[in-house]
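Trainee: This one is entry00.pdb, PDB, C-alpha atoms.
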```pdb
ATOM      1  CA  MET X   1     237.490 -25.878  51.515
ATOM      2  CA  LYS X   2     240.071 -23.955  49.508
ATOM      3  CA  ALA X   3     240.253 -20.346  48.376
ATOM      4  CA  LEU X   4     242.269 -18.697  45.621
ATOM      5  CA  ILE X   5     242.987 -15.001  46.175
ATOM      6  CA  LEU X   6     244.115 -12.925  43.197
ATOM      7  CA  VAL X   7     246.963 -10.796  44.553
ATOM      8  CA  GLY X   8     249.084 -10.233  41.447
ATOM      9  CA  GLY X   9     248.026  -6.685  40.537
ATOM     10  CA  TYR X  10     250.280  -3.613  40.654
ATOM     11  CA  GLY X  11     247.866  -1.455  42.670
ATOM     12  CA  THR X  12     248.504   1.592  40.472
ATOM     13  CA  ARG X  13     245.501   3.512  41.821
ATOM     14  CA  LEU X  14     246.893   3.325  45.351
ATOM     15  CA  ARG X  15     250.318   4.751  44.523
ATOM     16  CA  PRO X  16     252.500   5.897  46.190
ATOM     17  CA  LEU X  17     251.404   3.391  48.888
ATOM     18  CA  THR X  18     252.018   0.472  46.524
ATOM     19  CA  LEU X  19     255.439   1.563  45.276
ATOM     20  CA  SER X  20     257.109  -0.236  48.170
ATOM     21  CA  ARG X  21     254.555  -2.944  49.005
ATOM     22  CA  PRO X  22     251.861  -4.918  47.160
ATOM     23  CA  LYS X  23     248.275  -3.683  47.471
ATOM     24  CA  PRO X  24     247.060  -6.657  49.595
ATOM     25  CA  LEU X  25     249.552  -5.636  52.314
ATOM     26  CA  VAL X  26     248.389  -2.017  52.469
ATOM     27  CA  GLU X  27     246.821  -1.599  55.897
ATOM     28  CA  PHE X  28     243.088  -1.125  56.349
ATOM     29  CA  CYS X  29     241.796  -0.800  59.925
ATOM     30  CA  ASN X  30     245.237  -1.624  61.351
ATOM     31  CA  LYS X  31     245.876  -4.835  59.429
ATOM     32  CA  PRO X  32     246.864  -5.771  55.875
ATOM     33  CA  MET X  33     243.830  -5.554  53.586
ATOM     34  CA  MET X  34     244.116  -9.195  52.576
ATOM     35  CA  MET X  35     244.065 -10.443  56.162
ATOM     36  CA  HIS X  36     240.447  -9.333  56.563
ATOM     37  CA  GLN X  37     239.587 -11.766  53.765
ATOM     38  CA  VAL X  38     241.769 -14.594  55.028
ATOM     39  CA  GLU X  39     240.369 -14.402  58.552
ATOM     40  CA  ALA X  40     236.782 -14.372  57.235
ATOM     41  CA  LEU X  41     237.567 -17.386  55.020
ATOM     42  CA  VAL X  42     238.902 -19.313  58.011
ATOM     43  CA  LYS X  43     235.667 -18.591  59.915
ATOM     44  CA  ALA X  44     233.736 -19.994  56.935
ATOM     45  CA  GLY X  45     235.688 -23.269  57.023
ATOM     46  CA  VAL X  46     238.510 -22.671  54.530
ATOM     47  CA  THR X  47     241.677 -24.593  55.451
ATOM     48  CA  HIS X  48     243.868 -23.935  52.392
ATOM     49  CA  VAL X  49     244.457 -20.509  50.811
ATOM     50  CA  ILE X  50     246.263 -20.187  47.471
ATOM     51  CA  LEU X  51     247.686 -16.764  46.644
ATOM     52  CA  ALA X  52     248.071 -16.016  42.929
ATOM     53  CA  VAL X  53     251.107 -13.731  43.203
ATOM     54  CA  SER X  54     253.211 -11.655  40.838
ATOM     55  CA  TYR X  55     254.172  -8.100  41.879
ATOM     56  CA  ARG X  56     256.477  -8.050  44.941
ATOM     57  CA  ALA X  57     255.702 -11.689  45.667
ATOM     58  CA  GLU X  58     258.607 -11.980  48.105
ATOM     59  CA  LEU X  59     257.017  -9.430  50.466
ATOM     60  CA  LEU X  60     253.685 -11.234  50.355
ATOM     61  CA  GLU X  61     255.341 -14.567  51.024
ATOM     62  CA  LYS X  62     257.261 -13.257  54.027
ATOM     63  CA  GLU X  63     254.256 -11.613  55.659
ATOM     64  CA  ILE X  64     251.584 -14.188  54.914
ATOM     65  CA  LYS X  65     253.689 -17.182  55.900
ATOM     66  CA  ALA X  66     253.953 -15.700  59.393
ATOM     67  CA  GLU X  67     250.151 -15.911  59.604
ATOM     68  CA  GLU X  68     249.936 -19.507  58.432
ATOM     69  CA  VAL X  69     250.750 -21.105  61.784
ATOM     70  CA  GLN X  70     248.763 -18.582  63.781
ATOM     71  CA  LEU X  71     245.601 -19.208  61.732
ATOM     72  CA  GLY X  72     246.110 -22.967  61.560
ATOM     73  CA  ILE X  73     245.721 -23.163  57.784
ATOM     74  CA  LYS X  74     247.854 -24.003  54.772
ATOM     75  CA  ILE X  75     248.943 -21.132  52.515
ATOM     76  CA  THR X  76     250.384 -21.820  49.056
ATOM     77  CA  LEU X  77     251.813 -19.290  46.613
ATOM     78  CA  SER X  78     251.135 -19.703  42.892
ATOM     79  CA  HIS X  79     253.495 -17.496  40.842
ATOM     80  CA  GLU X  80     252.460 -15.716  37.639
ATOM     81  CA  ASP X  81     255.279 -14.633  35.327
ATOM     82  CA  GLU X  82     252.879 -12.218  33.643
ATOM     83  CA  PRO X  83     249.384 -10.916  34.521
ATOM     84  CA  LEU X  84     246.850 -13.580  33.523
ATOM     85  CA  GLY X  85     243.523 -11.969  34.420
ATOM     86  CA  THR X  86     241.053 -14.003  36.462
ATOM     87  CA  ALA X  87     240.960 -17.359  34.679
ATOM     88  CA  GLY X  88     244.725 -17.683  34.141
ATOM     89  CA  PRO X  89     245.556 -18.106  37.853
ATOM     90  CA  LEU X  90     242.836 -20.746  38.086
ATOM     91  CA  ALA X  91     244.565 -22.710  35.335
ATOM     92  CA  LEU X  92     247.940 -22.364  37.085
ATOM     93  CA  ALA X  93     246.506 -23.676  40.353
ATOM     94  CA  LYS X  94     244.384 -26.356  38.697
ATOM     95  CA  ASP X  95     246.147 -29.310  40.330
ATOM     96  CA  ILE X  96     245.636 -27.888  43.825
ATOM     97  CA  LEU X  97     242.056 -26.745  43.268
ATOM     98  CA  SER X  98     240.989 -30.061  41.730
ATOM     99  CA  SER X  99     242.640 -32.299  44.319
ATOM    100  CA  ASP X 100     239.149 -33.059  45.664
ATOM    101  CA  GLN X 101     235.572 -32.407  44.573
ATOM    102  CA  GLU X 102     234.878 -29.579  47.011
ATOM    103  CA  PRO X 103     233.896 -26.178  45.625
ATOM    104  CA  PHE X 104     236.424 -23.389  46.137
ATOM    105  CA  PHE X 105     236.338 -19.620  46.576
ATOM    106  CA  VAL X 106     237.980 -17.176  44.171
ATOM    107  CA  LEU X 107     238.435 -13.597  45.407
ATOM    108  CA  ASN X 108     239.839 -10.318  44.222
ATOM    109  CA  SER X 109     242.287  -9.229  46.916
ATOM    110  CA  ASP X 110     240.985  -5.664  47.193
ATOM    111  CA  VAL X 111     237.425  -6.518  48.265
ATOM    112  CA  ILE X 112     236.497  -5.211  51.716
ATOM    113  CA  CYS X 113     232.962  -5.806  53.036
ATOM    114  CA  ASP X 114     231.000  -7.942  55.470
ATOM    115  CA  PHE X 115     232.093 -11.078  53.670
ATOM    116  CA  PRO X 116     229.049 -13.327  53.011
ATOM    117  CA  PHE X 117     231.142 -16.493  52.703
ATOM    118  CA  LYS X 118     228.842 -18.811  54.665
ATOM    119  CA  GLU X 119     225.816 -17.520  52.744
ATOM    120  CA  MET X 120     227.709 -18.053  49.476
ATOM    121  CA  VAL X 121     228.419 -21.687  50.334
ATOM    122  CA  GLU X 122     224.787 -22.337  51.269
ATOM    123  CA  PHE X 123     223.490 -20.595  48.131
ATOM    124  CA  HIS X 124     225.942 -22.471  45.919
ATOM    125  CA  GLN X 125     225.059 -25.856  47.380
ATOM    126  CA  ASN X 126     221.330 -25.181  47.054
ATOM    127  CA  HIS X 127     221.274 -24.254  43.361
ATOM    128  CA  GLY X 128     223.525 -27.160  42.343
ATOM    129  CA  LYS X 129     225.245 -25.438  39.408
ATOM    130  CA  GLU X 130     228.974 -25.083  38.701
ATOM    131  CA  GLY X 131     229.486 -21.544  39.893
ATOM    132  CA  THR X 132     228.232 -18.658  41.985
ATOM    133  CA  ILE X 133     229.180 -15.018  41.443
ATOM    134  CA  VAL X 134     228.339 -12.326  43.980
ATOM    135  CA  VAL X 135     226.979  -9.138  42.448
ATOM    136  CA  THR X 136     226.292  -5.805  44.076
ATOM    137  CA  ARG X 137     223.977  -2.934  43.173
ATOM    138  CA  VAL X 138     225.533   0.385  42.130
ATOM    139  CA  GLU X 139     224.128   3.795  41.244
ATOM    140  CA  GLU X 140     226.351   4.328  38.183
ATOM    141  CA  PRO X 141     226.820   1.010  36.328
ATOM    142  CA  SER X 142     228.534   2.639  33.308
ATOM    143  CA  LYS X 143     231.796   2.664  35.302
ATOM    144  CA  TYR X 144     231.889  -1.088  35.843
ATOM    145  CA  GLY X 145     231.555  -4.542  34.350
ATOM    146  CA  VAL X 146     227.831  -5.257  34.558
ATOM    147  CA  VAL X 147     226.311  -8.711  35.057
ATOM    148  CA  VAL X 148     223.104  -9.457  33.151
ATOM    149  CA  TYR X 149     221.083 -12.447  34.353
ATOM    150  CA  ASP X 150     217.605 -13.915  33.930
ATOM    151  CA  GLU X 151     214.768 -14.256  36.456
ATOM    152  CA  ARG X 152     216.246 -17.557  37.716
ATOM    153  CA  GLY X 153     219.589 -15.895  38.467
ATOM    154  CA  ARG X 154     221.402 -17.584  35.567
ATOM    155  CA  ILE X 155     224.009 -15.310  34.003
ATOM    156  CA  GLU X 156     223.344 -14.390  30.399
ATOM    157  CA  LYS X 157     226.283 -12.062  29.686
ATOM    158  CA  PHE X 158     228.779  -9.536  31.002
ATOM    159  CA  VAL X 159     228.816  -6.005  29.608
ATOM    160  CA  GLU X 160     231.921  -3.900  30.259
ATOM    161  CA  LYS X 161     231.145  -0.232  31.074
ATOM    162  CA  PRO X 162     227.814  -0.113  29.234
ATOM    163  CA  GLN X 163     226.792   3.210  27.703
ATOM    164  CA  GLU X 164     223.130   2.181  27.740
ATOM    165  CA  PHE X 165     221.444   0.765  30.843
ATOM    166  CA  VAL X 166     221.379  -3.050  30.885
ATOM    167  CA  SER X 167     221.561  -3.675  34.633
ATOM    168  CA  ASN X 168     222.731  -2.009  37.838
ATOM    169  CA  LYS X 169     224.375  -5.166  39.216
ATOM    170  CA  ILE X 170     228.145  -5.477  38.946
ATOM    171  CA  ASN X 171     230.633  -8.240  39.620
ATOM    172  CA  ALA X 172     231.675  -7.939  43.274
ATOM    173  CA  GLY X 173     234.896  -9.964  42.881
ATOM    174  CA  MET X 174     233.751 -12.962  44.950
ATOM    175  CA  TYR X 175     233.051 -16.363  43.414
ATOM    176  CA  ILE X 176     232.564 -20.041  44.263
ATOM    177  CA  PHE X 177     233.284 -22.676  41.619
ATOM    178  CA  ASN X 178     233.161 -26.432  41.424
ATOM    179  CA  PRO X 179     236.415 -28.037  40.221
ATOM    180  CA  SER X 180     234.588 -29.046  37.018
ATOM    181  CA  VAL X 181     234.860 -25.450  35.713
ATOM    182  CA  LEU X 182     238.643 -25.777  35.511
ATOM    183  CA  SER X 183     238.317 -27.957  32.411
ATOM    184  CA  ARG X 184     236.575 -25.050  30.643
ATOM    185  CA  ILE X 185     239.583 -22.731  30.818
ATOM    186  CA  GLN X 186     241.414 -22.411  27.515
ATOM    187  CA  VAL X 187     244.321 -20.210  26.489
ATOM    188  CA  LYS X 188     243.028 -16.664  25.886
ATOM    189  CA  ILE X 189     239.423 -17.915  25.983
ATOM    190  CA  TYR X 190     237.712 -17.736  29.346
ATOM    191  CA  THR X 191     234.194 -19.132  29.479
ATOM    192  CA  TRP X 192     231.753 -18.263  32.263
ATOM    193  CA  VAL X 193     228.751 -20.528  31.897
ATOM    194  CA  ASN X 194     226.310 -22.343  34.127
ATOM    195  CA  CYS X 195     226.799 -19.834  36.954
ATOM    196  CA  HIS X 196     224.243 -18.211  39.237
ATOM    197  CA  CYS X 197     224.263 -14.847  41.012
ATOM    198  CA  LEU X 198     224.073 -14.159  44.718
ATOM    199  CA  ILE X 199     222.993 -10.542  45.153
ATOM    200  CA  GLU X 200     224.819  -8.643  47.896
ATOM    201  CA  HIS X 201     222.863  -5.479  48.754
TER     202      HIS X 201
END
```
I need this file expressed as C-alpha coordinates, please.

Mentor:
Amino acid sequence: MKALILVGGYGTRLRPLTLSRPKPLVEFCNKPMMMHQVEALVKAGVTHVILAVSYRAELLEKEIKAEEVQLGIKITLSHEDEPLGTAGPLALAKDILSSDQEPFFVLNSDVICDFPFKEMVEFHQNHGKEGTIVVTRVEEPSKYGVVVYDERGRIEKFVEKPQEFVSNKINAGMYIFNPSVLSRIQVKIYTWVNCHCLIEH
(Lines of atoms letter the chains of each structure in order from A and count residues from 1; the text may use other names and numbers.)
(Lines give C-alpha, C1' and ligand atoms only; values in the text may rest on other atoms or scores of the structure.)
Protein backbone atom coordinates (compact mmCIF):
# COMPACT_ATOMS: atom_id res chain seq x y z
CA MET A 1 0.00 0.00 0.00
CA LYS A 2 0.90 3.66 -0.40
CA ALA A 3 0.33 6.69 1.81
CA LEU A 4 0.35 10.39 1.01
CA ILE A 5 1.19 12.65 3.96
CA LEU A 6 0.34 16.34 3.69
CA VAL A 7 3.42 18.12 5.07
CA GLY A 8 3.33 21.43 3.20
CA GLY A 9 1.88 23.70 5.90
CA TYR A 10 3.73 26.56 7.60
CA GLY A 11 2.90 25.48 11.16
CA THR A 12 2.10 29.05 12.23
CA ARG A 13 0.41 27.97 15.47
CA LEU A 14 3.59 26.26 16.63
CA ARG A 15 5.88 29.26 16.15
CA PRO A 16 8.60 29.93 17.14
CA LEU A 17 9.32 26.16 16.91
CA THR A 18 8.49 26.15 13.20
CA LEU A 19 10.53 29.21 12.24
CA SER A 20 13.60 27.05 11.71
CA ARG A 21 12.05 23.66 10.88
CA PRO A 22 8.82 22.36 9.32
CA LYS A 23 6.06 21.25 11.70
CA PRO A 24 6.36 17.50 10.86
CA LEU A 25 9.95 17.57 12.18
CA VAL A 26 9.04 19.15 15.51
CA GLU A 27 9.75 16.50 18.13
CA PHE A 28 6.96 14.76 20.03
CA CYS A 29 7.99 12.08 22.55
CA ASN A 30 11.63 12.27 21.43
CA LYS A 31 11.08 11.82 17.70
CA PRO A 32 9.84 13.96 14.81
CA MET A 33 6.03 14.14 14.87
CA MET A 34 5.74 12.67 11.39
CA MET A 35 7.80 9.60 12.25
CA HIS A 36 5.07 8.34 14.58
CA GLN A 37 2.79 8.22 11.54
CA VAL A 38 5.34 6.70 9.19
CA GLU A 39 6.25 3.93 11.62
CA ALA A 40 2.56 3.11 12.22
CA LEU A 41 1.96 3.03 8.45
CA VAL A 42 4.82 0.57 7.98
CA LYS A 43 3.28 -1.71 10.64
CA ALA A 44 0.00 -1.58 8.69
CA GLY A 45 1.69 -2.74 5.48
CA VAL A 46 2.53 0.53 3.71
CA THR A 47 5.67 0.24 1.56
CA HIS A 48 5.67 3.61 -0.24
CA VAL A 49 5.17 7.00 1.46
CA ILE A 50 4.69 10.16 -0.61
CA LEU A 51 5.32 13.46 1.17
CA ALA A 52 3.46 16.46 -0.26
CA VAL A 53 6.05 19.11 0.63
CA SER A 54 6.35 22.87 0.33
CA TYR A 55 7.68 24.84 3.33
CA ARG A 56 11.34 24.00 4.13
CA ALA A 57 11.19 20.94 1.90
CA GLU A 58 14.97 20.57 1.90
CA LEU A 59 15.01 19.89 5.66
CA LEU A 60 12.26 17.30 5.33
CA GLU A 61 14.05 15.60 2.47
CA LYS A 62 17.34 15.39 4.36
CA GLU A 63 15.82 13.96 7.53
CA ILE A 64 13.25 11.60 6.05
CA LYS A 65 15.59 10.12 3.46
CA ALA A 66 17.81 8.93 6.31
CA GLU A 67 14.84 6.89 7.57
CA GLU A 68 14.04 5.33 4.21
CA VAL A 69 16.68 2.59 4.37
CA GLN A 70 16.18 1.95 8.07
CA LEU A 71 12.43 1.39 7.63
CA GLY A 72 12.80 -0.58 4.40
CA ILE A 73 10.30 1.52 2.47
CA LYS A 74 10.29 3.92 -0.47
CA ILE A 75 9.82 7.63 0.27
CA THR A 76 8.99 10.07 -2.53
CA LEU A 77 8.70 13.85 -2.27
CA SER A 78 5.99 15.64 -4.25
CA HIS A 79 6.68 19.41 -4.37
CA GLU A 80 3.95 22.05 -4.23
CA ASP A 81 4.88 25.51 -5.53
CA GLU A 82 1.91 26.94 -3.65
CA PRO A 83 -0.44 25.55 -0.96
CA LEU A 84 -3.04 23.37 -2.69
CA GLY A 85 -5.25 22.24 0.19
CA THR A 86 -6.04 18.53 0.48
CA ALA A 87 -7.10 17.56 -3.04
CA GLY A 88 -4.35 19.46 -4.87
CA PRO A 89 -1.51 17.23 -3.61
CA LEU A 90 -3.54 14.19 -4.63
CA ALA A 91 -3.70 15.54 -8.17
CA LEU A 92 0.06 16.21 -8.18
CA ALA A 93 0.81 12.66 -7.06
CA LYS A 94 -1.83 11.07 -9.28
CA ASP A 95 0.60 9.04 -11.39
CA ILE A 96 2.19 7.45 -8.32
CA LEU A 97 -1.07 6.84 -6.46
CA SER A 98 -2.77 5.28 -9.48
CA SER A 99 0.11 3.03 -10.50
CA ASP A 100 -1.93 0.08 -9.21
CA GLN A 101 -5.49 -0.50 -8.01
CA GLU A 102 -4.68 -0.63 -4.30
CA PRO A 103 -6.34 1.88 -1.98
CA PHE A 104 -4.03 4.45 -0.40
CA PHE A 105 -3.91 6.45 2.83
CA VAL A 106 -4.01 10.25 2.96
CA LEU A 107 -2.98 11.88 6.25
CA ASN A 108 -2.58 15.30 7.75
CA SER A 109 0.96 15.40 9.13
CA ASP A 110 0.00 16.81 12.53
CA VAL A 111 -2.25 13.94 13.64
CA ILE A 112 -1.03 12.12 16.74
CA CYS A 113 -3.12 9.26 18.17
CA ASP A 114 -3.27 5.49 18.40
CA PHE A 115 -3.38 5.21 14.64
CA PRO A 116 -6.20 2.83 13.59
CA PHE A 117 -4.63 2.05 10.21
CA LYS A 118 -5.32 -1.69 10.17
CA GLU A 119 -8.92 -1.09 11.27
CA MET A 120 -9.27 1.54 8.53
CA VAL A 121 -8.13 -0.90 5.85
CA GLU A 122 -10.54 -3.59 7.08
CA PHE A 123 -13.44 -1.13 7.31
CA HIS A 124 -12.70 0.27 3.85
CA GLN A 125 -12.52 -3.16 2.23
CA ASN A 126 -15.75 -4.27 3.89
CA HIS A 127 -17.96 -1.38 2.77
CA GLY A 128 -16.67 -1.47 -0.82
CA LYS A 129 -17.01 2.26 -1.55
CA GLU A 130 -14.39 4.66 -2.92
CA GLY A 131 -13.34 6.32 0.29
CA THR A 132 -13.19 6.18 4.07
CA ILE A 133 -12.79 9.20 6.33
CA VAL A 134 -12.04 8.85 10.03
CA VAL A 135 -14.09 11.15 12.24
CA THR A 136 -13.76 11.85 15.94
CA ARG A 137 -16.21 13.11 18.55
CA VAL A 138 -15.61 16.54 20.09
CA GLU A 139 -17.32 18.54 22.82
CA GLU A 140 -17.30 21.85 20.91
CA PRO A 141 -17.94 21.21 17.19
CA SER A 142 -18.33 24.93 16.35
CA LYS A 143 -14.52 25.20 16.25
CA TYR A 144 -14.07 22.59 13.53
CA GLY A 145 -15.15 21.26 10.17
CA VAL A 146 -18.05 18.96 11.00
CA VAL A 147 -18.94 15.80 9.06
CA VAL A 148 -22.64 15.06 8.62
CA TYR A 149 -23.54 11.52 7.57
CA ASP A 150 -26.59 9.26 7.40
CA GLU A 151 -27.43 6.12 9.40
CA ARG A 152 -25.44 3.98 6.93
CA GLY A 153 -22.31 6.08 7.46
CA ARG A 154 -22.49 7.73 4.03
CA ILE A 155 -21.32 11.34 4.12
CA GLU A 156 -23.97 13.89 3.25
CA LYS A 157 -22.03 17.15 3.70
CA PHE A 158 -19.28 19.03 5.49
CA VAL A 159 -20.11 22.10 7.56
CA GLU A 160 -17.24 24.43 8.47
CA LYS A 161 -17.46 25.81 12.04
CA PRO A 162 -21.24 25.50 12.36
CA GLN A 163 -23.01 28.04 14.56
CA GLU A 164 -25.96 25.67 15.04
CA PHE A 165 -25.50 22.04 16.08
CA VAL A 166 -25.47 19.64 13.12
CA SER A 167 -23.13 16.95 14.46
CA ASN A 168 -20.34 16.49 17.00
CA LYS A 169 -18.15 14.44 14.64
CA ILE A 170 -15.24 16.18 12.95
CA ASN A 171 -12.78 15.21 10.25
CA ALA A 172 -9.81 13.56 11.98
CA GLY A 173 -7.39 14.06 9.06
CA MET A 174 -7.07 10.37 8.15
CA TYR A 175 -8.47 8.93 4.93
CA ILE A 176 -8.32 5.90 2.63
CA PHE A 177 -9.23 6.30 -1.04
CA ASN A 178 -9.38 4.06 -4.06
CA PRO A 179 -7.40 5.35 -7.06
CA SER A 180 -10.74 5.92 -8.85
CA VAL A 181 -11.33 9.08 -6.77
CA LEU A 182 -8.37 10.78 -8.45
CA SER A 183 -10.40 11.25 -11.63
CA ARG A 184 -12.89 13.35 -9.63
CA ILE A 185 -10.38 16.07 -8.76
CA GLN A 186 -10.81 19.22 -10.82
CA VAL A 187 -9.08 22.58 -10.61
CA LYS A 188 -10.54 24.54 -7.67
CA ILE A 189 -13.40 22.03 -7.36
CA TYR A 190 -12.84 19.21 -4.91
CA THR A 191 -15.60 16.62 -4.73
CA TRP A 192 -15.98 14.25 -1.78
CA VAL A 193 -18.60 11.69 -2.71
CA ASN A 194 -19.26 8.01 -2.16
CA CYS A 195 -17.26 7.99 1.08
CA HIS A 196 -18.04 6.34 4.41
CA CYS A 197 -17.04 7.29 7.96
CA LEU A 198 -15.06 5.27 10.45
CA ILE A 199 -15.74 6.71 13.89
CA GLU A 200 -12.69 6.99 16.15
CA HIS A 201 -13.83 7.47 19.76

Trainee: Run through the PyMOL selection byres ((chain X and resi 68) around 12) on the given coordinates and return the selected residues as a VMD selection string.

Mentor: chain X and resid 35 38 to 39 42 47 to 50 61 to 67 69 to 77

Trainee: Kindly give the distance, in Å, that separates atom CA of Glu140 of chain X and atom CA of Asn168 of chain X, rounded to a single decimal.

Mentor: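 Rounded to one decimal, the two atoms are 7.3 Å apart.
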
Trainee: What separation in Å, quoted to one decimal, exists between atom CA of Glu119 of chain X and atom CA of Pro89 of chain X?

Mentor: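 Atom-to-atom, atom CA of Glu119 of chain X and atom CA of Pro89 of chain X are spaced 24.7 Å apart.
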
Trainee: Of the candidates X:Leu92, X:Met120, X:Met34, X:Leu182, which shows the shortest atom-to-atom distance to Ile5 of chain X, using all atoms listed in the file?

Mentor: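 Comparing X:Leu92, X:Met120, X:Met34, X:Leu182 against Ile5 of chain X, the winner is X:Met34.
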
Trainee: Quick one: which residues end up in the PyMOL selection byres ((chain X and resi 107) around 8) for this structure, as a PyMOL selection string?

Mentor: chain X and resi 3-6+105-106+108-109+111+173-175

Trainee: Any chance you can output those residues with C-alpha atoms as an mmCIF file, keeping the file's coordinate frame?

Mentor:
```cif
data_model
loop_
_atom_site.group_PDB
_atom_site.id
_atom_site.type_symbol
_atom_site.label_atom_id
_atom_site.label_comp_id
_atom_site.auth_asym_id
_atom_site.auth_seq_id
_atom_site.Cartn_x
_atom_site.Cartn_y
_atom_site.Cartn_z
ATOM 1 C CA ALA X 3 240.253 -20.346 48.376
ATOM 2 C CA LEU X 4 242.269 -18.697 45.621
ATOM 3 C CA ILE X 5 242.987 -15.001 46.175
ATOM 4 C CA LEU X 6 244.115 -12.925 43.197
ATOM 5 C CA PHE X 105 236.338 -19.620 46.576
ATOM 6 C CA VAL X 106 237.980 -17.176 44.171
ATOM 7 C CA ASN X 108 239.839 -10.318 44.222
ATOM 8 C CA SER X 109 242.287 -9.229 46.916
ATOM 9 C CA VAL X 111 237.425 -6.518 48.265
ATOM 10 C CA GLY X 173 234.896 -9.964 42.881
ATOM 11 C CA MET X 174 233.751 -12.962 44.950
ATOM 12 C CA TYR X 175 233.051 -16.363 43.414
#
```

Trainee: Between X:Val148, X:Val53, X:Ala172, X:Ile133, which has the minimum distance to Val121 of chain X (counting all atoms listed in the file)?

Mentor: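 Nearest candidate to Val121 of chain X out of X:Val148, X:Val53, X:Ala172, X:Ile133: X:Ile133.
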
Trainee: Give me, please, the distance in Å between atom CA of Met1 of chain X and atom CA of Ala40 of chain X, quoted to one decimal.

Mentor: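 Distance between the two atoms: 12.9 Å.
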